[in-house]
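Trainee: Quick one: the structure is below, and I'll ask about it shortly.
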Amino acid sequence: MALATKRVRKAVIPAAGLGTRFLPATKAIPKEMIPIVDIPMIQHIVEEAVRAGIEDVILITARNKEAIENHFDYNYELEDTLDKKQKKELADVSRAIAGMCNLISIRQKNPMGLGHAVLCAAPVVGDEPFAVLLGDDLIDSRVPCTRQLIEIQEREGASVVGVMEVPADEVSKYGIVGGRMLDSRTMHVERLVEKPAAKDAPSRFAIPGRYVLSPAIFQCLRETRPGKGGEIQLTDGLQLLAQREKLLAYQFDGTRYDTGDRLGFIDATLAFALRRPELAEGVRQMMKKHLAER
Ligand code: UTP
């Protein structure tokens with residue numbers, strides 16, 4: 001069946017990385033469980049997927065990541081205690097997280113790279129187009145970024161990677177796409193380069209961590225040899241996919257926060273706190289106080 005005729009129902013969320021940039025916080029707890037205000041990063045990501053129409057979330061996990069699975073399950077003892085203490089609203093918040101989606105978890109037994117993590121999902125995804133969302137990137141947008149990509153995928157019958165324009169001195173931090181612009185936001189991708197030097201970058205369009213892919217990516221990943229850092233890179237698999245099938249890049253609408261980086265994490269925390277009516281004024285006062293003291 002053609003890619004365009006199958007609906008995107010599944011999303012893969014790779015969460016098996018070591019989270020070294022966040023040590024020592026990640027020594028015993030998964031990076032994905034660190035909260036932005038009071039919602040764990042991974043819940044923000046799963047909420048984006050669900051708002052985009054995803055039904056099944058395939059979590060790629062590793063040892064010591066059980067807290068993520070527990071977070072998306074019921075916690076009967078907690079919920080029952082909250083009910084008895086007349087805190088039904090809080091109990092409902094806890095239950096709603098468990099009811100959000102089907103969660104299927106797969107262990108990536110060795111952290112052999114993002115491409116390898118996505119390949120671990122092949123038996124569950126099967127022969128359907130699917131979304132990939134990286135937990136390090138929070139994208140704040142009216143229409144969920146993944147929904148924006150699904151709409152392009154449905155219209156064009158092609159795989160789509162979400163991209164954002166970055167300054168020349170930042171291209172070396174990302175996978176960068178190159179190709180032919182079809183309109184002001186959409187590119188037909190001809191090549192991808194992982195973390196190029198500014199002079200070798202084919203464009204300034206960077207992939208921050210949102211994709212809607214054809215299942216053909218799995219065969220491409222099986223054929224991909226370890227690249228930078230001895231890991232199987234998703235970017236290298238996508239390069240092969242671009243040679244075999246139509247691959248588009250779409251400049252999504254939204255603000256992206258790199259929550260895998262400490263400054264990006266603080267940025268996201270402030271932005272999300274300032275939009276909470278019960279916190280905004282307090283946070284503003286706190287920021288004024290801290291800035292006056294420095
Ligand atoms: P990163 O390299 O940015 O995340 O991988 P990391 O390894 O968790 O963190 P640092 O860099 O050591 O601080 C991007 C995404 O791919 C997942 C990570 O969990 C993260 O969501 N990943 C990476 C895997 O699932 N498996 C891997 O082998 C590598």
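Every chain in the structure tokens takes a letter, A first, then B, and so on in the order presented; its residues are numbered from 1, and the ligands are numbered from 1 following the presented order.
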Identify, with DSSP run on backbone atoms, the residues in region 133-285 of chain A assigned to helix (DSSP H, G or I), and express the list as JSON, numbers by chain.
Mentor: {"A": [145, 146, 147, 148, 149, 150, 151, 152, 153, 154, 155, 156, 168, 169, 170, 171, 172, 173, 198, 199, 200, 216, 217, 218, 219, 220, 221, 222, 228, 229, 230, 234, 235, 236, 237, 238, 239, 240, 241, 242, 243, 244, 262, 263, 264, 265, 266, 267, 268, 269, 270, 271, 272, 273, 274, 277, 278, 279, 280, 281, 282, 283, 284, 285]}
Trainee: Could you give me, as a list in words, every polymer residue with an atom at most 6 Å away from an atom of ligand 1, counting only C-alpha atoms and all ligand atoms?
Mentor: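 Listed by chain and ascending number, the contacts are Pro14, Ala15, Ala16, Gly17, Leu18, Gly19, Thr20, Arg21, Phe22, Ile60, Pro111, Met112, Gly113, Leu114, Ala117, Leu134, Gly135 and Asp136 of chain A.
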Trainee: Figure out the distance between CA of Val46 (chain A) and CA of Gln251 (chain A), please, to one decimal in Å.
Mentor: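 Value for the CA of Gln251 (chain A)-CA of Val46 (chain A) distance: 21.3 Å.
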Trainee: Using CA of Arg185 (chain A) and CA of Ala206 (chain A) as the two end points, give the distance in Å to one decimal.
Mentor: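 We find that CA of Arg185 (chain A) and CA of Ala206 (chain A) lie 12.8 Å from each other.
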Trainee: Region 114-221 of chain A: which residues are strand (DSSP E) by DSSP, as JSON, numbers by chain?
Mentor: {"A": [130, 131, 132, 133, 137, 138, 139, 140, 159, 160, 161, 162, 163, 164, 165, 175, 176, 177, 178, 179, 180, 181, 186, 187, 188, 189, 190, 191, 192, 193, 194, 205, 206, 207, 210, 211, 212, 213]}
Trainee: Do a neighbour search on Ala242 (chain A) at 10 Å with only C-alpha atoms, toss out local chain neighbours closer than 6 positions, and write the hits as an NGL selection string.
Mentor: :A and (159 or 188-192 or 217 or 220 or 236 or 248)
Trainee: May I have the selected residues written with all heavy atoms, as an mmCIF file, in the first residue's frame?
Mentor:
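The resulting file, selection_14.cif, is reproduced below:
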data_model
loop_
_atom_site.group_PDB
_atom_site.id
_atom_site.type_symbol
_atom_site.label_atom_id
_atom_site.label_comp_id
_atom_site.auth_asym_id
_atom_site.auth_seq_id
_atom_site.Cartn_x
_atom_site.Cartn_y
_atom_site.Cartn_z
ATOM 1 N N SER A 159 7.981 11.084 3.165
ATOM 2 C CA SER A 159 8.533 11.287 4.504
ATOM 3 C C SER A 159 8.863 12.774 4.679
ATOM 4 O O SER A 159 9.213 13.455 3.701
ATOM 5 C CB SER A 159 9.822 10.487 4.683
ATOM 6 O OG SER A 159 9.558 9.110 4.565
ATOM 7 N N HIS A 188 12.728 19.783 -1.064
ATOM 8 C CA HIS A 188 12.917 18.391 -1.486
ATOM 9 C C HIS A 188 14.359 18.047 -1.086
ATOM 10 O O HIS A 188 15.308 18.611 -1.616
ATOM 11 C CB HIS A 188 12.703 18.258 -2.992
ATOM 12 C CG HIS A 188 12.740 16.849 -3.463
ATOM 13 N ND1 HIS A 188 11.820 16.309 -4.307
ATOM 14 C CD2 HIS A 188 13.604 15.839 -3.172
ATOM 15 C CE1 HIS A 188 12.094 15.037 -4.516
ATOM 16 N NE2 HIS A 188 13.195 14.738 -3.839
ATOM 17 N N VAL A 189 14.498 17.135 -0.140
ATOM 18 C CA VAL A 189 15.834 16.889 0.420
ATOM 19 C C VAL A 189 16.640 15.973 -0.501
ATOM 20 O O VAL A 189 16.172 14.904 -0.892
ATOM 21 C CB VAL A 189 15.731 16.245 1.826
ATOM 22 C CG1 VAL A 189 17.108 15.969 2.406
ATOM 23 C CG2 VAL A 189 14.924 17.132 2.769
ATOM 24 N N GLU A 190 17.835 16.437 -0.828
ATOM 25 C CA GLU A 190 18.734 15.605 -1.628
ATOM 26 C C GLU A 190 19.875 15.056 -0.794
ATOM 27 O O GLU A 190 20.423 14.012 -1.071
ATOM 28 C CB GLU A 190 19.282 16.423 -2.816
ATOM 29 C CG GLU A 190 18.221 16.570 -3.901
ATOM 30 C CD GLU A 190 18.371 17.804 -4.750
ATOM 31 O OE1 GLU A 190 19.410 18.506 -4.627
ATOM 32 O OE2 GLU A 190 17.443 18.076 -5.544
ATOM 33 N N ARG A 191 20.256 15.800 0.232
ATOM 34 C CA ARG A 191 21.298 15.260 1.108
ATOM 35 C C ARG A 191 21.167 15.781 2.536
ATOM 36 O O ARG A 191 20.552 16.821 2.777
ATOM 37 C CB ARG A 191 22.693 15.518 0.549
ATOM 38 C CG ARG A 191 23.109 16.942 0.451
ATOM 39 C CD ARG A 191 24.327 17.017 -0.459
ATOM 40 N NE ARG A 191 24.949 18.322 -0.386
ATOM 41 C CZ ARG A 191 26.023 18.598 0.313
ATOM 42 N NH1 ARG A 191 26.613 17.657 1.035
ATOM 43 N NH2 ARG A 191 26.539 19.810 0.329
ATOM 44 N N LEU A 192 21.763 15.013 3.435
ATOM 45 C CA LEU A 192 21.754 15.384 4.850
ATOM 46 C C LEU A 192 23.171 15.206 5.370
ATOM 47 O O LEU A 192 23.863 14.256 4.982
ATOM 48 C CB LEU A 192 20.852 14.461 5.658
ATOM 49 C CG LEU A 192 19.368 14.455 5.308
ATOM 50 C CD1 LEU A 192 19.042 13.306 4.410
ATOM 51 C CD2 LEU A 192 18.559 14.383 6.584
ATOM 52 N N ILE A 217 12.505 3.428 6.013
ATOM 53 C CA ILE A 217 13.667 3.874 6.793
ATOM 54 C C ILE A 217 14.323 2.695 7.521
ATOM 55 O O ILE A 217 15.539 2.681 7.724
ATOM 56 C CB ILE A 217 13.275 4.994 7.811
ATOM 57 C CG1 ILE A 217 14.512 5.602 8.500
ATOM 58 C CG2 ILE A 217 12.333 4.472 8.871
ATOM 59 C CD1 ILE A 217 15.435 6.370 7.653
ATOM 60 N N CYS A 220 16.844 1.070 5.426
ATOM 61 C CA CYS A 220 17.977 2.006 5.284
ATOM 62 C C CYS A 220 18.853 1.949 6.537
ATOM 63 O O CYS A 220 20.079 1.953 6.447
ATOM 64 C CB CYS A 220 17.469 3.429 5.069
ATOM 65 S SG CYS A 220 16.506 3.627 3.573
ATOM 66 N N ASP A 236 22.255 9.454 8.825
ATOM 67 C CA ASP A 236 22.840 8.629 7.750
ATOM 68 C C ASP A 236 21.765 7.737 7.124
ATOM 69 O O ASP A 236 21.747 7.537 5.904
ATOM 70 C CB ASP A 236 23.996 7.769 8.292
ATOM 71 C CG ASP A 236 25.181 8.631 8.727
ATOM 72 O OD1 ASP A 236 25.266 9.781 8.270
ATOM 73 O OD2 ASP A 236 26.003 8.152 9.538
ATOM 74 N N LEU A 248 11.005 15.080 2.265
ATOM 75 C CA LEU A 248 10.829 16.524 2.326
ATOM 76 C C LEU A 248 11.310 17.052 3.667
ATOM 77 O O LEU A 248 11.344 16.311 4.662
ATOM 78 C CB LEU A 248 9.343 16.879 2.171
ATOM 79 C CG LEU A 248 8.678 16.431 0.870
ATOM 80 C CD1 LEU A 248 7.180 16.743 0.907
ATOM 81 C CD2 LEU A 248 9.315 17.094 -0.340
#
Trainee: What is the CA of Val57 (chain A)-CA of Ile36 (chain A) distance in Å, reported with one decimal?
Mentor: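 CA of Ile36 (chain A) lies 20.6 Å from CA of Val57 (chain A).
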Trainee: Under the rule that only C-alpha atoms are counted, which of A:Arg63, A:Arg95, A:Lys6, A:Arg222 is the nearest residue to Gly157 (chain A)?
Mentor: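 Of the candidates, the smallest distance to Gly157 (chain A) is held by A:Lys6.
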Trainee: What lies within 12 Å of Glu128 (chain A) using only C-alpha atoms, ignoring chain neighbours under 3 positions off, as a PyMOL selection string?
Mentor: chain A and resi 1-11+121-125+131+159+212-218
Trainee: Compare A:Gly209, A:Ala158, A:Asn70, A:Glu293 by their minimum atom-to-atom distance to Thr259 (chain A), counting only C-alpha atoms, and give me the closest one.
Mentor: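 For Thr259 (chain A), the nearest of the given residues is A:Gly209.
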Trainee: Report as a PyMOL selection string all protein, DNA and RNA residues lying within 12 Å of Thr269 (chain A), evaluated on only C-alpha atoms, omitting residues in the same chain fewer than 6 positions from it.
Mentor: chain A and resi 34-41+138+257-259+262-263+275-276+279-280+283
